[in-house]
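Beneath this line is the structure, given in structure tokens, with notes to follow.
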Amino acid sequence: MNFYTLIKGFIPAAIVIFASCQNAIDFDVDNKFNTSYEIINSEKAIEDVDSLLALLEQRHYDIYLNSSNTELQNQIKETKDSWVIKSEFHQSEFIIDVMKIFNTISDGHSNLLWYSEEVIPNRDSNYYFPAEVYLENGKLYVKNDTTINSDQRVALNMINGFDANLLFVDALSCLPGTAAHSNKINRTIFFPIYLHLKGILPPYTIRYDNFHVRTYTESENYLFSDLIERMQPDSKNYSLSLIEKEEIALIAYNSCTDAPAFKQFLDSSFLLLNQKSIDKVIIDIRSNSGGDSQVNDVLLSYLTRKPYQQSSKRIWKVSPVSIDEFISRSIVDSTGQNDLTEYFINNDSTLVSFETNEDLTQLKLNSFFFDGKVVVLIGPQTFSSANMLADAIKTYQICPLIGQATGERVNDFGEQKMELLLNSEIPYTYTIAYDIGASGDIQNTNTVNPDILVSGDALQKAIEYLNK
């Protein structure tokens with residue numbers, strides 16, 4: 001979990017010619033896929049997409065909210081046509097094509113479970129591309145490249161003879177959601193998976209714009225566990241550390257899970273801060289991709305006495321799945337069943353939505369309430385329930401938000417469910433509701449933006465802010 005010497009000075013013309021010839025050989029990657037994956041018949045593949053679309057139209061709140069019906073239908077038609085020509089093809093190609101369909105729907109909670117063992121055979125024992133690459137101003141760079149002996153950054157040009165920039169951008173087109181969130185997921189974990197699906201496998205040789213070439217050794221390649229660690233370096237759901245000569249507390253809140261355990265953690269944490277007379281806290285939710293939004297109420301009970309709400313309204317798509325959800329969670333009991341009578345009697349799919357309005361949360365007095373200065377760090381990986389937390393903090397001005405915009409819109413899809421594609425039995429997720437943010441503005445299409453925008457080290461900026 002690293003690279004080689006830069007060719008300087010005069011480069012013989014023969015070497016340049018050889019390099020350019022190699023680029024020409026493998027430049028087109030459109031029809032290259034991993035042939036170790038099973039074969040799927042085009043008819044079965046089309047059935048999978050047709051049944052997927054039928055299910056989404058019945059259960060998803062609105063698959064045409066972020067893209068037009070025409071745009072989605074045209075893409076599906078083009079995909080099917082390309083399959084029919086081939087008659088049969090590898091599931092690696094099928095996976096990428098279906099992920100691009102989900103991307104057009106643009107619901108960050110709906111996609112194939114591309115990270116699952118059901119999708120990636122031998123997932124945990126495969127070797128993956130180890131470099132973390134990122135796109136900036138239309139060029140691709142390798143993060144922390146210590147082998148480039150240059151005062152300036154040098155763009156990445158090729159991976160195993162294929163255009164690296166085109167590969168990265170095509171991988172991005174497989175990931176639905178906001179651009180910032182997709183880019184974060186791509187650079188940390190999905191791009192190596194995408195290369196695996198494309199059949200671009202070890203040994204990995206990369207080339208830069210200045211002709212610097214480097215081949216990764218077998219020991220440098222990543223396992224899937226390495227990719228997970230890169231995406232979320234802190235594997236704990238929540239942790240406490242003392243920084244700046246132990247005058248500032250840093251709480252990493254990485255997952256909205258297990259409210260009782262979280263409360264126990266926060267009780268002991270804020271007790272320690274009181275004993276040490278620490279009056280400055282940074283709460284980091286930059287790596288929090290969500291969970292149960294009610295766990296956020298536990299945290300907020302230590303930070304605010306204001307009545308607030310994380311979501312003002314939830315609009316459900318009424319279907320057999322959401323009806324089961326209403327009953328199991330007593331939503332029908334609390335709101336009245338009259339609005340759903342027509343559906344129960346007629347199974348009427350024209351009954352599109354059912355609203356559940358949220359009341360302001362009035363928190364109980366917390367004996368460990370924190371009266372000091374608090375800031376919260378957010379970023380592109382702040383997602384789902386963590387995004388709702390950031391939205392509530394912003395809307396009710398509970399404390400400053402520092403960092404970059406979150407990875408999800410304020411108003412976005414929720415209540416994730418899972419199914420299997422009809423024939424290939426590949427798992428996928430989809431949503432059955434639409435959440436309106438804390439402010440109640442149903443027209444809001446923005447992400448949660450920080451009060452203090454930081455493109456670099458948000459933690460250092462937070463320390464400076466608290467100490468000024």
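All residue names refer to the structure tokens as shown: chains lettered A, B, ... in order, residues numbered from 1 in each chain, ligands numbered from 1 in order.
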Would you kindly return, as a compact mmCIF listing (two decimals) with N, CA and C atoms, in the first residue's frame, each protein, DNA or RNA residue with an atom no farther than 6 Å from any atom of range 385-401 of chain A, considering only C-alpha atoms and excluding same-chain residues fewer than 6 positions away?
# COMPACT_ATOMS: atom_id res chain seq x y z
N ASN A 288 -19.38 9.26 6.87
CA ASN A 288 -20.63 8.65 7.31
C ASN A 288 -21.58 8.54 6.12
N GLY A 290 -24.47 6.89 6.25
CA GLY A 290 -25.86 6.78 6.65
C GLY A 290 -26.16 5.64 7.59
N GLY A 291 -27.44 5.24 7.60
CA GLY A 291 -27.93 4.22 8.52
C GLY A 291 -29.33 4.60 8.97
N SER A 293 -31.59 7.36 10.74
CA SER A 293 -31.56 8.79 11.07
C SER A 293 -31.93 9.07 12.52
N GLN A 310 -35.28 16.61 11.11
CA GLN A 310 -34.31 16.21 10.09
C GLN A 310 -34.97 16.10 8.72
N VAL A 375 -18.08 22.32 15.99
CA VAL A 375 -18.17 22.40 14.53
C VAL A 375 -18.34 20.98 14.00
N VAL A 376 -18.93 20.87 12.81
CA VAL A 376 -19.15 19.56 12.18
C VAL A 376 -18.50 19.57 10.80
N LEU A 377 -17.73 18.51 10.52
CA LEU A 377 -17.06 18.36 9.23
C LEU A 377 -17.94 17.53 8.29
N ALA A 438 -35.25 19.37 5.88
CA ALA A 438 -35.67 19.99 7.14
C ALA A 438 -36.44 21.29 6.92
N VAL A 448 -26.33 19.78 0.82
CA VAL A 448 -26.07 20.59 2.01
C VAL A 448 -24.67 21.19 1.84
N PRO A 450 -21.45 23.60 3.05
CA PRO A 450 -20.84 24.01 4.31
C PRO A 450 -20.93 25.51 4.54
N ASP A 451 -20.88 25.93 5.79
CA ASP A 451 -20.79 27.35 6.11
C ASP A 451 -19.40 27.87 5.77
> Contacts of range 190-207 of chain A at 8 Å or less, counting only C-alpha atoms, minus same-chain residues fewer than 3 places along, as a PyMOL selection string?
Replying inline: chain A and resi 32-35+92-93+96+127-130+156-161+167-168+171+185-187+211-218+221
>> If we count only C-alpha atoms and set the cut-off at 8 Å, which residues sit around Val133 in chain A, ignoring sequence neighbours fewer than 6 positions away in its own chain? Please answer as JSON, numbers by chain.
In response: {"A": [140, 141, 142, 143, 187, 188]}
>> Considering only strand (DSSP E or B) as DSSP defines it on the backbone, what residues of range 120-246 of chain A qualify? List them as a list in words.
In response: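 Here are the strand (DSSP E or B) residues of range 120-246 of chain A: Tyr128, Val133, Tyr134, Leu135, Glu136, Lys139, Leu140, Tyr141, Val142, Leu156, Asn157, Met158, Ile159, Phe162, Asp163, Thr205, Ile206, Arg207, Tyr208, Val213, Arg214, Thr215, Tyr222, Tyr238, Ser239, Leu240, Ser241, Leu242 and Ile243 of chain A.
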> Mind checking DSSP for range 255-316 of chain A and telling me the helix (DSSP H, G or I) residues as a list in words?
Replying inline: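 DSSP-assigned helix (DSSP H, G or I) residues in range 255-316 of chain A: Ala259, Pro260, Ala261, Phe262, Lys263, Gln264, Phe265, Leu266, Asp267, Ser268, Ser269, Phe270, Leu271, Leu272, Leu273, Asn274, Gln275, Gln294, Val295, Asn296, Asp297, Val298, Leu299 and Leu300 of chain A.
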Would you write out those residues with N, CA and C atoms, as a PDB file, in the first residue's frame?
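Once written, part_27.pdb looks like this:
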ATOM      1  N   ALA A 259     -28.290   2.903  18.287  1.00  0.00           N
ATOM      2  CA  ALA A 259     -28.517   4.057  19.159  1.00  0.00           C
ATOM      3  C   ALA A 259     -28.106   3.822  20.610  1.00  0.00           C
ATOM      4  N   PRO A 260     -28.430   2.678  21.234  1.00  0.00           N
ATOM      5  CA  PRO A 260     -28.011   2.472  22.628  1.00  0.00           C
ATOM      6  C   PRO A 260     -26.496   2.500  22.801  1.00  0.00           C
ATOM      7  N   ALA A 261     -25.769   1.841  21.871  1.00  0.00           N
ATOM      8  CA  ALA A 261     -24.302   1.838  21.960  1.00  0.00           C
ATOM      9  C   ALA A 261     -23.745   3.240  21.721  1.00  0.00           C
ATOM     10  N   PHE A 262     -24.365   3.971  20.815  1.00  0.00           N
ATOM     11  CA  PHE A 262     -23.915   5.335  20.531  1.00  0.00           C
ATOM     12  C   PHE A 262     -24.126   6.237  21.747  1.00  0.00           C
ATOM     13  N   LYS A 263     -25.268   6.078  22.407  1.00  0.00           N
ATOM     14  CA  LYS A 263     -25.528   6.889  23.611  1.00  0.00           C
ATOM     15  C   LYS A 263     -24.518   6.573  24.710  1.00  0.00           C
ATOM     16  N   GLN A 264     -24.214   5.304  24.873  1.00  0.00           N
ATOM     17  CA  GLN A 264     -23.218   4.924  25.882  1.00  0.00           C
ATOM     18  C   GLN A 264     -21.859   5.535  25.551  1.00  0.00           C
ATOM     19  N   PHE A 265     -21.491   5.499  24.267  1.00  0.00           N
ATOM     20  CA  PHE A 265     -20.232   6.103  23.827  1.00  0.00           C
ATOM     21  C   PHE A 265     -20.226   7.608  24.093  1.00  0.00           C
ATOM     22  N   LEU A 266     -21.331   8.290  23.770  1.00  0.00           N
ATOM     23  CA  LEU A 266     -21.388   9.745  23.949  1.00  0.00           C
ATOM     24  C   LEU A 266     -21.410  10.134  25.425  1.00  0.00           C
ATOM     25  N   ASP A 267     -22.102   9.359  26.247  1.00  0.00           N
ATOM     26  CA  ASP A 267     -22.105   9.643  27.690  1.00  0.00           C
ATOM     27  C   ASP A 267     -20.680   9.625  28.240  1.00  0.00           C
ATOM     28  N   SER A 268     -19.945   8.575  27.918  1.00  0.00           N
ATOM     29  CA  SER A 268     -18.575   8.467  28.432  1.00  0.00           C
ATOM     30  C   SER A 268     -17.672   9.533  27.821  1.00  0.00           C
ATOM     31  N   SER A 269     -17.914   9.880  26.560  1.00  0.00           N
ATOM     32  CA  SER A 269     -17.085  10.882  25.889  1.00  0.00           C
ATOM     33  C   SER A 269     -17.283  12.269  26.497  1.00  0.00           C
ATOM     34  N   PHE A 270     -18.529  12.678  26.638  1.00  0.00           N
ATOM     35  CA  PHE A 270     -18.780  14.019  27.167  1.00  0.00           C
ATOM     36  C   PHE A 270     -18.494  14.112  28.666  1.00  0.00           C
ATOM     37  N   LEU A 271     -18.580  12.993  29.364  1.00  0.00           N
ATOM     38  CA  LEU A 271     -18.141  12.975  30.762  1.00  0.00           C
ATOM     39  C   LEU A 271     -16.641  13.237  30.842  1.00  0.00           C
ATOM     40  N   LEU A 272     -15.876  12.596  29.960  1.00  0.00           N
ATOM     41  CA  LEU A 272     -14.434  12.802  29.923  1.00  0.00           C
ATOM     42  C   LEU A 272     -14.098  14.254  29.574  1.00  0.00           C
ATOM     43  N   LEU A 273     -14.820  14.831  28.621  1.00  0.00           N
ATOM     44  CA  LEU A 273     -14.566  16.222  28.245  1.00  0.00           C
ATOM     45  C   LEU A 273     -14.830  17.167  29.407  1.00  0.00           C
ATOM     46  N   ASN A 274     -15.867  16.866  30.166  1.00  0.00           N
ATOM     47  CA  ASN A 274     -16.184  17.676  31.344  1.00  0.00           C
ATOM     48  C   ASN A 274     -15.075  17.559  32.387  1.00  0.00           C
ATOM     49  N   GLN A 275     -14.592  16.344  32.609  1.00  0.00           N
ATOM     50  CA  GLN A 275     -13.533  16.127  33.601  1.00  0.00           C
ATOM     51  C   GLN A 275     -12.237  16.822  33.202  1.00  0.00           C
ATOM     52  N   GLN A 294     -32.652   8.148  13.168  1.00  0.00           N
ATOM     53  CA  GLN A 294     -33.020   8.366  14.576  1.00  0.00           C
ATOM     54  C   GLN A 294     -31.793   8.351  15.495  1.00  0.00           C
ATOM     55  N   VAL A 295     -30.709   7.715  15.034  1.00  0.00           N
ATOM     56  CA  VAL A 295     -29.473   7.721  15.825  1.00  0.00           C
ATOM     57  C   VAL A 295     -28.910   9.143  15.907  1.00  0.00           C
ATOM     58  N   ASN A 296     -29.187   9.966  14.881  1.00  0.00           N
ATOM     59  CA  ASN A 296     -28.734  11.354  14.903  1.00  0.00           C
ATOM     60  C   ASN A 296     -29.355  12.137  16.053  1.00  0.00           C
ATOM     61  N   ASP A 297     -30.599  11.775  16.423  1.00  0.00           N
ATOM     62  CA  ASP A 297     -31.263  12.455  17.538  1.00  0.00           C
ATOM     63  C   ASP A 297     -30.491  12.268  18.837  1.00  0.00           C
ATOM     64  N   VAL A 298     -29.852  11.106  18.968  1.00  0.00           N
ATOM     65  CA  VAL A 298     -29.040  10.849  20.156  1.00  0.00           C
ATOM     66  C   VAL A 298     -27.911  11.868  20.230  1.00  0.00           C
ATOM     67  N   LEU A 299     -27.210  12.071  19.108  1.00  0.00           N
ATOM     68  CA  LEU A 299     -26.112  13.032  19.083  1.00  0.00           C
ATOM     69  C   LEU A 299     -26.603  14.450  19.351  1.00  0.00           C
ATOM     70  N   LEU A 300     -27.684  14.848  18.687  1.00  0.00           N
ATOM     71  CA  LEU A 300     -28.158  16.220  18.811  1.00  0.00           C
ATOM     72  C   LEU A 300     -28.632  16.554  20.219  1.00  0.00           C
TER      73      LEU A 300
END
>> Please determine, counting only C-alpha atoms, which residue among A:Asp292, A:Ser125, A:Leu227, A:Lys245 has the shortest atom-to-atom distance to Asp258 in chain A.
In response: A:Asp292
> Of the candidates A:Ile436, A:Gln232, A:Tyr428, A:Ala131, which shows the shortest atom-to-atom distance to Thr146 in chain A, using only C-alpha atoms?
Replying inline: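 The shortest atom-to-atom distance to Thr146 in chain A comes from A:Ala131.
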> Given the choices A:Glu408, A:Asp441, A:Glu247, A:Glu358, which gets closest to Ser289 in chain A if the distance is worked out from only C-alpha atoms?
Replying inline: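 The shortest atom-to-atom distance to Ser289 in chain A comes from A:Glu408.
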>> I'd like the neighbourhood of Ser287 in chain A as a VMD selection string, where a residue qualifies if any of its atoms comes within 7 Å (using only C-alpha atoms), though same-chain residues fewer than 6 positions away should be ignored.
In response: chain A and resid 232 254 381 to 382
>> Counting only C-alpha atoms, which residue out of A:Leu363, A:Ile120, A:Met231, A:Ala458 sits closest to Ile282 in chain A?
In response: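 Among A:Leu363, A:Ile120, A:Met231, A:Ala458, it is A:Ala458 that comes nearest to Ile282 in chain A.
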>> Just want the 10 Å neighbourhood of Thr104 in chain A, counted on only C-alpha atoms, with same-chain residues fewer than 6 positions away dropped. Output as a ChimeraX atom specification.
In response: /A:63-64,66-68,71-72,75-76,173-177
> What does the distance from CA of Asp284 in chain A to CA of Pro233 in chain A come to in Å, to one decimal?
Replying inline: 12.9 Å
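Between CA of Lys80 in chain A and CA of Thr178 in chain A lies a distance of 26.3 Å.
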>> Here is a test: counting only C-alpha atoms, which residue of A:Ile315, A:Val281, A:Leu112, A:Ile228 is nearest to Leu240 in chain A?
In response: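 Nearest to Leu240 in chain A: A:Val281.
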>> Here is a test: counting only C-alpha atoms, which residue of A:Gln443, A:Gln404, A:Asn31, A:Ser110 is nearest to Gly456 in chain A?
In response: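 The closest residue to Gly456 in chain A is A:Gln404.
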> Could you name the residues that touch Ile85 in chain A at 12 Å or less, counting only C-alpha atoms, but leaving out those on the same chain fewer than 5 positions away, as a count of residues only?
Replying inline: 6
> Near Asn411 in chain A, within 8 Å and counting only C-alpha atoms, which residues show up once chain neighbours fewer than 5 positions away are dropped, as a list in words?
Replying inline: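 With the cut-off at 8 Å, the set is Tyr434, Asp435, Ile436, Gly437, Ile442, Asn444, Thr445 and Asn446 of chain A.
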Please produce an output containing C-alpha atoms for each residue in the selection, written as a PDB file, in the first residue's frame.
ATOM      1  CA  TYR A 434     -39.042  10.636  -1.354  1.00  0.00           C
ATOM      2  CA  ASP A 435     -37.830  12.722   1.577  1.00  0.00           C
ATOM      3  CA  ILE A 436     -38.256  16.484   1.816  1.00  0.00           C
ATOM      4  CA  GLY A 437     -35.526  18.206   3.820  1.00  0.00           C
ATOM      5  CA  ILE A 442     -40.038  20.800  -1.917  1.00  0.00           C
ATOM      6  CA  ASN A 444     -34.840  22.407  -3.272  1.00  0.00           C
ATOM      7  CA  THR A 445     -32.439  20.535  -5.550  1.00  0.00           C
ATOM      8  CA  ASN A 446     -29.232  21.479  -3.685  1.00  0.00           C
TER       9      ASN A 446
END
